[in-house]
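Asker: Below is the file upload-v2.cif, with mmCIF, C-alpha atoms.
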```
data_model
loop_
_atom_site.label_atom_id
_atom_site.label_comp_id
_atom_site.auth_asym_id
_atom_site.auth_seq_id
_atom_site.Cartn_x
_atom_site.Cartn_y
_atom_site.Cartn_z
CA MET A 1 1.37 -12.26 6.51
CA THR A 2 0.14 -10.40 9.56
CA THR A 3 -0.03 -10.95 13.29
CA ASP A 4 -2.63 -8.37 14.19
CA VAL A 5 -3.55 -7.31 17.66
CA PRO A 6 -6.95 -5.68 18.31
CA ALA A 7 -7.10 -2.47 16.31
CA GLN A 8 -7.26 0.93 17.95
CA GLU A 9 -8.13 4.34 16.61
CA LEU A 10 -5.51 6.33 14.76
CA SER A 11 -4.06 9.24 16.73
CA PRO A 12 -3.37 11.95 14.14
CA THR A 13 -0.37 14.23 14.57
CA PRO A 14 -0.26 17.72 13.02
CA ARG A 15 1.29 16.38 9.82
CA SER A 16 -0.96 13.32 9.58
CA THR A 17 -4.20 15.22 10.20
CA ILE A 18 -6.38 15.36 7.08
CA ARG A 19 -7.60 18.91 6.53
CA ARG A 20 -8.86 18.99 2.93
CA GLY A 21 -11.84 16.70 2.60
CA SER A 22 -11.69 15.86 6.29
CA GLU A 23 -15.06 14.09 6.07
CA ARG A 24 -13.25 11.35 4.13
CA ALA A 25 -10.74 10.70 6.91
CA ARG A 26 -10.92 7.35 8.68
CA ALA A 27 -9.98 6.99 12.33
CA ASP A 28 -10.00 3.20 12.72
CA ARG A 29 -6.55 1.61 12.58
CA ALA A 30 -8.15 -1.50 11.09
CA GLU A 31 -8.94 0.55 7.98
CA LEU A 32 -5.24 1.45 7.70
CA TRP A 33 -4.36 -2.23 7.85
CA ALA A 34 -7.02 -3.05 5.25
CA VAL A 35 -5.63 -0.53 2.74
CA LEU A 36 -2.07 -1.77 3.21
CA ASP A 37 -3.08 -5.42 2.99
CA ALA A 38 -5.01 -4.82 -0.24
CA GLY A 39 -2.16 -3.00 -2.01
CA LEU A 40 1.03 -4.43 -3.46
CA VAL A 41 3.12 -1.33 -4.21
CA CYS A 42 3.83 1.70 -2.06
CA HIS A 43 5.61 4.93 -2.91
CA LEU A 44 8.55 5.73 -0.65
CA SER A 45 9.45 9.41 -0.36
CA THR A 46 12.94 10.43 0.76
CA VAL A 47 15.44 13.22 0.18
CA VAL A 48 18.61 12.32 -1.74
CA ASP A 49 21.38 14.86 -2.31
CA GLY A 50 19.06 17.65 -1.21
CA ALA A 51 16.29 16.77 -3.67
CA PRO A 52 13.02 14.90 -3.11
CA LEU A 53 12.86 11.36 -4.48
CA VAL A 54 9.72 9.21 -4.72
CA LEU A 55 10.03 5.61 -5.84
CA PRO A 56 7.62 2.67 -6.03
CA THR A 57 8.65 -0.30 -3.93
CA GLY A 58 7.29 -3.55 -2.57
CA TYR A 59 6.26 -3.85 1.05
CA GLY A 60 4.67 -6.12 3.60
CA ARG A 61 2.91 -5.57 6.91
CA ASP A 62 3.14 -7.47 10.17
CA GLY A 63 0.96 -5.97 12.87
CA ASP A 64 1.88 -2.30 13.19
CA THR A 65 5.20 -2.65 11.33
CA LEU A 66 5.62 -1.99 7.61
CA TYR A 67 8.59 -3.71 5.98
CA LEU A 68 10.33 -2.25 2.91
CA HIS A 69 13.17 -3.81 0.98
CA GLY A 70 15.52 -3.28 -1.92
CA SER A 71 19.12 -3.42 -3.00
CA THR A 72 21.71 -2.36 -0.44
CA GLY A 73 23.07 -0.12 -3.19
CA ALA A 74 19.81 1.74 -3.76
CA ARG A 75 20.18 5.42 -2.87
CA SER A 76 16.57 5.63 -1.72
CA LEU A 77 17.03 2.76 0.75
CA ARG A 78 20.33 4.13 2.04
CA ALA A 79 18.73 7.55 2.54
CA ALA A 80 15.69 6.05 4.27
CA ALA A 81 17.94 4.07 6.63
CA SER A 82 20.03 7.12 7.54
CA GLY A 83 17.65 8.30 10.23
CA MET A 84 15.81 10.90 8.15
CA GLU A 85 12.05 11.20 8.21
CA VAL A 86 10.34 9.36 5.36
CA CYS A 87 6.82 9.19 3.98
CA VAL A 88 5.13 6.13 2.49
CA ALA A 89 1.89 6.25 0.50
CA VAL A 90 -0.42 3.51 -0.79
CA THR A 91 -3.40 4.30 -3.04
CA LEU A 92 -6.08 1.92 -4.30
CA LEU A 93 -8.20 3.30 -7.14
CA ASP A 94 -11.78 1.99 -7.12
CA GLY A 95 -13.47 4.08 -9.80
CA VAL A 96 -13.67 7.28 -11.82
CA VAL A 97 -16.50 9.61 -10.82
CA TYR A 98 -18.25 11.36 -13.72
CA ALA A 99 -20.12 14.41 -12.48
CA ARG A 100 -22.50 16.84 -14.18
CA SER A 101 -19.79 19.50 -13.92
CA VAL A 102 -16.07 19.36 -14.55
CA PHE A 103 -15.41 20.71 -11.08
CA HIS A 104 -17.00 17.72 -9.35
CA HIS A 105 -15.35 14.99 -11.40
CA SER A 106 -13.40 12.84 -8.98
CA MET A 107 -12.20 9.34 -8.12
CA ASN A 108 -13.29 6.73 -5.64
CA TYR A 109 -10.25 5.54 -3.73
CA ARG A 110 -8.73 4.23 -0.52
CA SER A 111 -5.42 5.72 0.53
CA ALA A 112 -2.95 5.60 3.39
CA VAL A 113 0.00 7.87 4.18
CA ILE A 114 2.56 6.93 6.83
CA HIS A 115 5.17 9.22 8.37
CA GLY A 116 8.13 8.13 10.43
CA THR A 117 11.75 7.05 10.63
CA ALA A 118 12.62 3.76 8.98
CA VAL A 119 15.05 1.46 10.77
CA ARG A 120 17.42 -0.81 8.90
CA ILE A 121 17.24 -4.37 10.20
CA ASP A 122 20.64 -6.02 10.63
CA ASP A 123 19.80 -8.87 13.01
CA PRO A 124 19.78 -11.97 10.74
CA ASP A 125 16.67 -13.56 12.25
CA ALA A 126 14.69 -10.31 12.25
CA LYS A 127 15.81 -9.56 8.70
CA MET A 128 14.76 -13.01 7.52
CA HIS A 129 11.39 -12.48 9.19
CA GLY A 130 11.00 -9.18 7.32
CA LEU A 131 11.81 -10.87 4.02
CA ARG A 132 9.23 -13.55 4.75
CA VAL A 133 6.58 -10.91 5.48
CA LEU A 134 7.42 -9.12 2.23
CA THR A 135 7.39 -12.33 0.18
CA GLU A 136 4.14 -13.61 1.64
CA HIS A 137 2.45 -10.26 1.01
CA LEU A 138 3.48 -10.19 -2.64
CA ALA A 139 3.11 -13.91 -3.39
CA PRO A 140 1.38 -15.83 -0.58
CA GLY A 141 2.63 -19.39 -0.19
CA SER A 142 5.95 -18.77 -1.89
CA TRP A 143 8.16 -18.71 1.21
CA ASP A 144 7.61 -22.42 1.88
CA HIS A 145 7.56 -23.34 -1.81
CA THR A 146 10.78 -21.83 -3.14
CA ARG A 147 14.49 -21.60 -2.29
CA LEU A 148 15.29 -19.19 0.51
CA PRO A 149 17.93 -16.44 0.04
CA ASN A 150 21.52 -17.62 -0.01
CA ALA A 151 24.27 -15.71 1.81
CA LYS A 152 25.09 -13.49 -1.18
CA GLU A 153 21.45 -12.60 -1.85
CA PHE A 154 20.81 -12.00 1.83
CA ALA A 155 23.75 -9.61 2.08
CA ALA A 156 22.69 -7.72 -1.06
CA THR A 157 19.20 -7.02 0.25
CA ALA A 158 18.32 -4.24 2.65
CA VAL A 159 15.23 -4.57 4.84
CA LEU A 160 13.74 -1.56 6.61
CA ALA A 161 11.04 -1.44 9.26
CA LEU A 162 8.66 1.51 9.58
CA ASP A 163 6.31 1.84 12.54
CA LEU A 164 2.70 2.56 11.62
CA SER A 165 1.95 4.74 14.63
CA GLU A 166 1.78 7.98 12.60
CA ALA A 167 -0.57 7.45 9.69
CA ALA A 168 -3.61 8.86 7.93
CA VAL A 169 -6.33 7.08 5.96
CA LYS A 170 -8.63 8.77 3.47
CA VAL A 171 -11.46 7.15 1.52
CA ARG A 172 -13.91 8.37 -1.10
CA SER A 173 -16.80 6.24 -2.26
CA GLY A 174 -20.23 6.72 -3.74
CA PRO A 175 -21.78 8.89 -6.48
CA PRO A 176 -20.81 12.36 -7.68
CA GLY A 177 -21.24 15.29 -5.32
CA ASP A 178 -22.97 17.53 -7.82
CA ASP A 179 -24.38 20.95 -7.05
CA PRO A 180 -28.18 20.95 -6.51
CA ALA A 181 -28.68 23.20 -9.54
CA ASP A 182 -26.87 20.73 -11.81
CA GLU A 183 -28.83 17.84 -10.35
CA ALA A 184 -32.07 19.71 -10.99
CA THR A 185 -31.33 20.39 -14.65
CA ASP A 186 -29.78 16.92 -15.12
CA LEU A 187 -28.45 17.77 -18.59
CA VAL A 188 -25.66 15.18 -18.80
CA TRP A 189 -24.95 11.66 -17.57
CA ALA A 190 -23.37 11.31 -14.17
CA GLY A 191 -22.21 8.26 -12.29
CA VAL A 192 -19.23 6.06 -11.45
CA LEU A 193 -17.15 3.86 -13.72
CA PRO A 194 -15.73 1.20 -11.38
CA ILE A 195 -12.18 -0.08 -11.73
CA ARG A 196 -11.52 -3.71 -10.85
CA GLN A 197 -8.23 -5.58 -10.82
CA VAL A 198 -8.27 -9.25 -11.82
CA TRP A 199 -5.67 -11.99 -11.96
CA GLY A 200 -4.81 -13.41 -15.37
CA GLU A 201 -4.02 -16.97 -16.34
CA PRO A 202 -0.70 -18.11 -14.78
CA GLN A 203 2.11 -18.10 -17.36
CA SER A 204 4.57 -20.88 -16.62
CA ALA A 205 8.31 -20.37 -16.95
CA ALA A 206 9.22 -23.88 -15.80
CA ALA A 207 8.34 -27.47 -16.72
CA HIS A 208 6.15 -27.93 -13.65
CA ALA A 209 2.46 -27.81 -12.97
CA VAL A 210 1.26 -24.50 -11.59
CA PRO A 211 1.31 -24.97 -7.78
CA ALA A 212 -1.85 -24.84 -5.75
CA HIS A 213 -0.98 -21.60 -3.95
CA VAL A 214 -0.82 -19.86 -7.35
CA THR A 215 -3.92 -21.42 -8.94
CA ALA A 216 -5.96 -20.74 -5.80
CA ARG A 217 -4.96 -17.09 -5.84
CA ALA A 218 -5.63 -16.77 -9.57
CA ALA A 219 -9.18 -18.03 -8.99
CA THR A 220 -9.98 -15.25 -6.56
CA ALA A 221 -10.52 -11.55 -7.10
CA PRO A 222 -7.83 -9.28 -5.63
CA ASP A 223 -8.98 -7.26 -2.65
CA ARG A 224 -9.10 -4.06 -4.65
#
```
Could I get this structure in the form of structure tokens?
Answerer:
Amino acid sequence: MTTDVPAQELSPTPRSTIRRGSERARADRAELWAVLDAGLVCHLSTVVDGAPLVLPTGYGRDGDTLYLHGSTGARSLRAAASGMEVCVAVTLLDGVVYARSVFHHSMNYRSAVIHGTAVRIDDPDAKMHGLRVLTEHLAPGSWDHTRLPNAKEFAATAVLALDLSEAAVKVRSGPPGDDPADEATDLVWAGVLPIRQVWGEPQSAAAHAVPAHVTARAATAPDR
């Protein structure tokens, strides 16, 4: 669920400037949105009790805001909401690159890294909106199909908002970048083994027909 405005170029800061492999950096904010919209899990990096902590978590994007959620008792969410700087990363793996040398073996990927300060959302309407964005990103169509959070569930869930203004996008695609000498001798196979994610057959846990918003999604290939 997104309400995009026309995309602009990313404006890298010192910590979001890609230095290694800078030719793979992407400057278009629309490419940041595309990576985030194609992924389902991000990794949230915080500091808890003086030590770094990185945890996978669900997310959703609405325009230039990334929503994160979890239990109000989760240490990572409490730390992220404390005003400290956090980092969020999303990586989509598209293939393994087999080169003619070990050194040039690589991966084809799309990745995004966001820096900033997450803000805990306490306003009930804004929090419910964040939960809807998260739900519709993970399972489109579910918000209008299932029971909404009750008071207890709503209180037990923390929703954080992270602005996407400070972000970096890096993409690798294409064949191996072998040295000319290895290409000339061409002694071993080189190429790319693509990785594709597919939906499986829906597995029912209730005595109901699989709803249309699930069957329609299962019939399509994920944007990966």
Asker: Tell me which residues come within 9 Å of (-2.5, 10.4, 9.9), as a PyMOL selection string, counting only C-alpha atoms in the file's coordinates.
Answerer: chain A and resi 10-18+25+27+112-115+165-169
Asker: On this structure, the PyMOL selection byres ((chain A and resi 55) around 6) would catch which residues? List them as a ChimeraX atom specification, sorted by chain and number.
Answerer: /A:43-44,54,56
Asker: Grab the CA of Gly130 (chain A) to CA of Asp163 (chain A) distance for me, in Å with one decimal place.
Answerer: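 Answer for the CA of Gly130 (chain A) to CA of Asp163 (chain A) separation: 13.1 Å.
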Asker: If I take CA of Gly141 (chain A) and CA of Ala161 (chain A), how far is one from the other in Å, to one decimal?
Answerer: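 Here the two named atoms are 22.0 Å from each other.
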Asker: Between CA of Asp144 (chain A) and CA of Ala212 (chain A), what is the spacing in Å?
Answerer: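 Distance reported for this atom pair: 12.4 Å.
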Asker: Tell me which of A:Arg75, A:Gly200, A:His69, A:Gly177 sits closest to Lys127 (chain A), counting all atoms listed in the file.
Answerer: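 Looking at the shortest contact to Lys127 (chain A), the residue is A:His69.
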Asker: Using all atoms listed in the file, which protein or nucleic acid residues come within 12 Å of Ser106 (chain A)? Drop anything in the same chain fewer than 5 positions from it, and give the result as a list in words.
Answerer: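 Once the nearby chain positions are removed, what remains is Leu93, Asp94, Gly95, Val96, Val97, Tyr98, Ala99, Arg100, Ser101, Arg172, Ser173, Gly174, Pro175, Pro176, Gly177, Asp178, Ala190, Gly191, Val192 and Leu193 of chain A.
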Asker: Would you kindly translate the PyMOL selection byres ((chain A and resi 83) around 8) into the concrete residues it picks from this file, as an mmCIF file with C-alpha atoms, in the frame of the given file?
Answerer:
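Saved as part_4.cif:
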```cif
data_model
loop_
_atom_site.group_PDB
_atom_site.id
_atom_site.type_symbol
_atom_site.label_atom_id
_atom_site.label_comp_id
_atom_site.auth_asym_id
_atom_site.auth_seq_id
_atom_site.Cartn_x
_atom_site.Cartn_y
_atom_site.Cartn_z
ATOM 1 C CA ALA A 79 18.730 7.550 2.540
ATOM 2 C CA ALA A 80 15.690 6.050 4.270
ATOM 3 C CA ALA A 81 17.940 4.070 6.630
ATOM 4 C CA SER A 82 20.030 7.120 7.540
ATOM 5 C CA MET A 84 15.810 10.900 8.150
ATOM 6 C CA GLU A 85 12.050 11.200 8.210
ATOM 7 C CA THR A 117 11.750 7.050 10.630
ATOM 8 C CA ALA A 118 12.620 3.760 8.980
ATOM 9 C CA VAL A 119 15.050 1.460 10.770
#
```
Asker: Between A:Leu160, A:Leu66, A:Ala221, A:Ala89, which has the minimum distance to Asp122 (chain A) (counting only C-alpha atoms)?
Answerer: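 Closest to Asp122 (chain A), using only C-alpha atoms: A:Leu160.
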Asker: Rank A:Gly21, A:Pro211, A:Pro149, A:Gly60 by their smallest atom-to-atom distance to Gly39 (chain A), using all atoms listed in the file, and report the top residue only.
Answerer: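 Ranked by minimum distance to Gly39 (chain A), first place goes to A:Gly60.
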Asker: Of the candidates A:Ala74, A:Leu187, A:Val90, A:Leu32, which shows the shortest atom-to-atom distance to Ala156 (chain A), using only C-alpha atoms?
Answerer: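 Checking each candidate against Ala156 (chain A), we get A:Ala74 as the closest.
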Asker: What are the centre and edge lengths in Å, to one decimal, of the axis-aligned box around all listed atoms of region 166-183 of chain A with 8 Å added on each side, as AutoDock Vina command-line options?
Answerer:
```
--center_x -13.5 --center_y 14.7 --center_z 0.4 --size_x 46.6 --size_y 33.0 --size_z 40.4
```
Asker: Which residue gives the smallest distance to Val86 (chain A) among A:Met128, A:Leu164, A:Glu9, A:Tyr109, with only C-alpha atoms counted?
Answerer: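 Of A:Met128, A:Leu164, A:Glu9, A:Tyr109, the one nearest Val86 (chain A), counting only C-alpha atoms, is A:Leu164.
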Asker: Would you translate the PyMOL selection byres ((chain A and resi 139) around 12) into the concrete set of residues it matches in this file, as an MDAnalysis selection string?
Answerer: chainID A and resid 1 40 58:60 131:138 140:146 213:218
Asker: Create the file for the chosen residues now, containing C-alpha atoms and written as a PDB file, keeping the file's coordinate frame.
Answerer:
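So the final result, stored in result.pdb, reads:
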```
ATOM      1  CA  MET A   1       1.370 -12.260   6.510  1.00  0.00           C
ATOM      2  CA  LEU A  40       1.030  -4.430  -3.460  1.00  0.00           C
ATOM      3  CA  GLY A  58       7.290  -3.550  -2.570  1.00  0.00           C
ATOM      4  CA  TYR A  59       6.260  -3.850   1.050  1.00  0.00           C
ATOM      5  CA  GLY A  60       4.670  -6.120   3.600  1.00  0.00           C
ATOM      6  CA  LEU A 131      11.810 -10.870   4.020  1.00  0.00           C
ATOM      7  CA  ARG A 132       9.230 -13.550   4.750  1.00  0.00           C
ATOM      8  CA  VAL A 133       6.580 -10.910   5.480  1.00  0.00           C
ATOM      9  CA  LEU A 134       7.420  -9.120   2.230  1.00  0.00           C
ATOM     10  CA  THR A 135       7.390 -12.330   0.180  1.00  0.00           C
ATOM     11  CA  GLU A 136       4.140 -13.610   1.640  1.00  0.00           C
ATOM     12  CA  HIS A 137       2.450 -10.260   1.010  1.00  0.00           C
ATOM     13  CA  LEU A 138       3.480 -10.190  -2.640  1.00  0.00           C
ATOM     14  CA  PRO A 140       1.380 -15.830  -0.580  1.00  0.00           C
ATOM     15  CA  GLY A 141       2.630 -19.390  -0.190  1.00  0.00           C
ATOM     16  CA  SER A 142       5.950 -18.770  -1.890  1.00  0.00           C
ATOM     17  CA  TRP A 143       8.160 -18.710   1.210  1.00  0.00           C
ATOM     18  CA  ASP A 144       7.610 -22.420   1.880  1.00  0.00           C
ATOM     19  CA  HIS A 145       7.560 -23.340  -1.810  1.00  0.00           C
ATOM     20  CA  THR A 146      10.780 -21.830  -3.140  1.00  0.00           C
ATOM     21  CA  HIS A 213      -0.980 -21.600  -3.950  1.00  0.00           C
ATOM     22  CA  VAL A 214      -0.820 -19.860  -7.350  1.00  0.00           C
ATOM     23  CA  THR A 215      -3.920 -21.420  -8.940  1.00  0.00           C
ATOM     24  CA  ALA A 216      -5.960 -20.740  -5.800  1.00  0.00           C
ATOM     25  CA  ARG A 217      -4.960 -17.090  -5.840  1.00  0.00           C
ATOM     26  CA  ALA A 218      -5.630 -16.770  -9.570  1.00  0.00           C
TER      27      ALA A 218
END
```
Asker: Which of these, A:Trp199, A:Trp189, A:Tyr67, A:Phe103, has the shortest distance to Ala158 (chain A) once you count all atoms listed in the file?
Answerer: A:Tyr67
Asker: Within 6 Å of Val159 (chain A), counting all atoms listed in the file, which residues show up once you throw out same-chain ones fewer than 5 positions away? Write them as a list of chain:residue names, please.
Answerer: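 Once the adjacent positions are removed, what remains is A:Leu68, A:His69, A:Arg120, A:Ile121.
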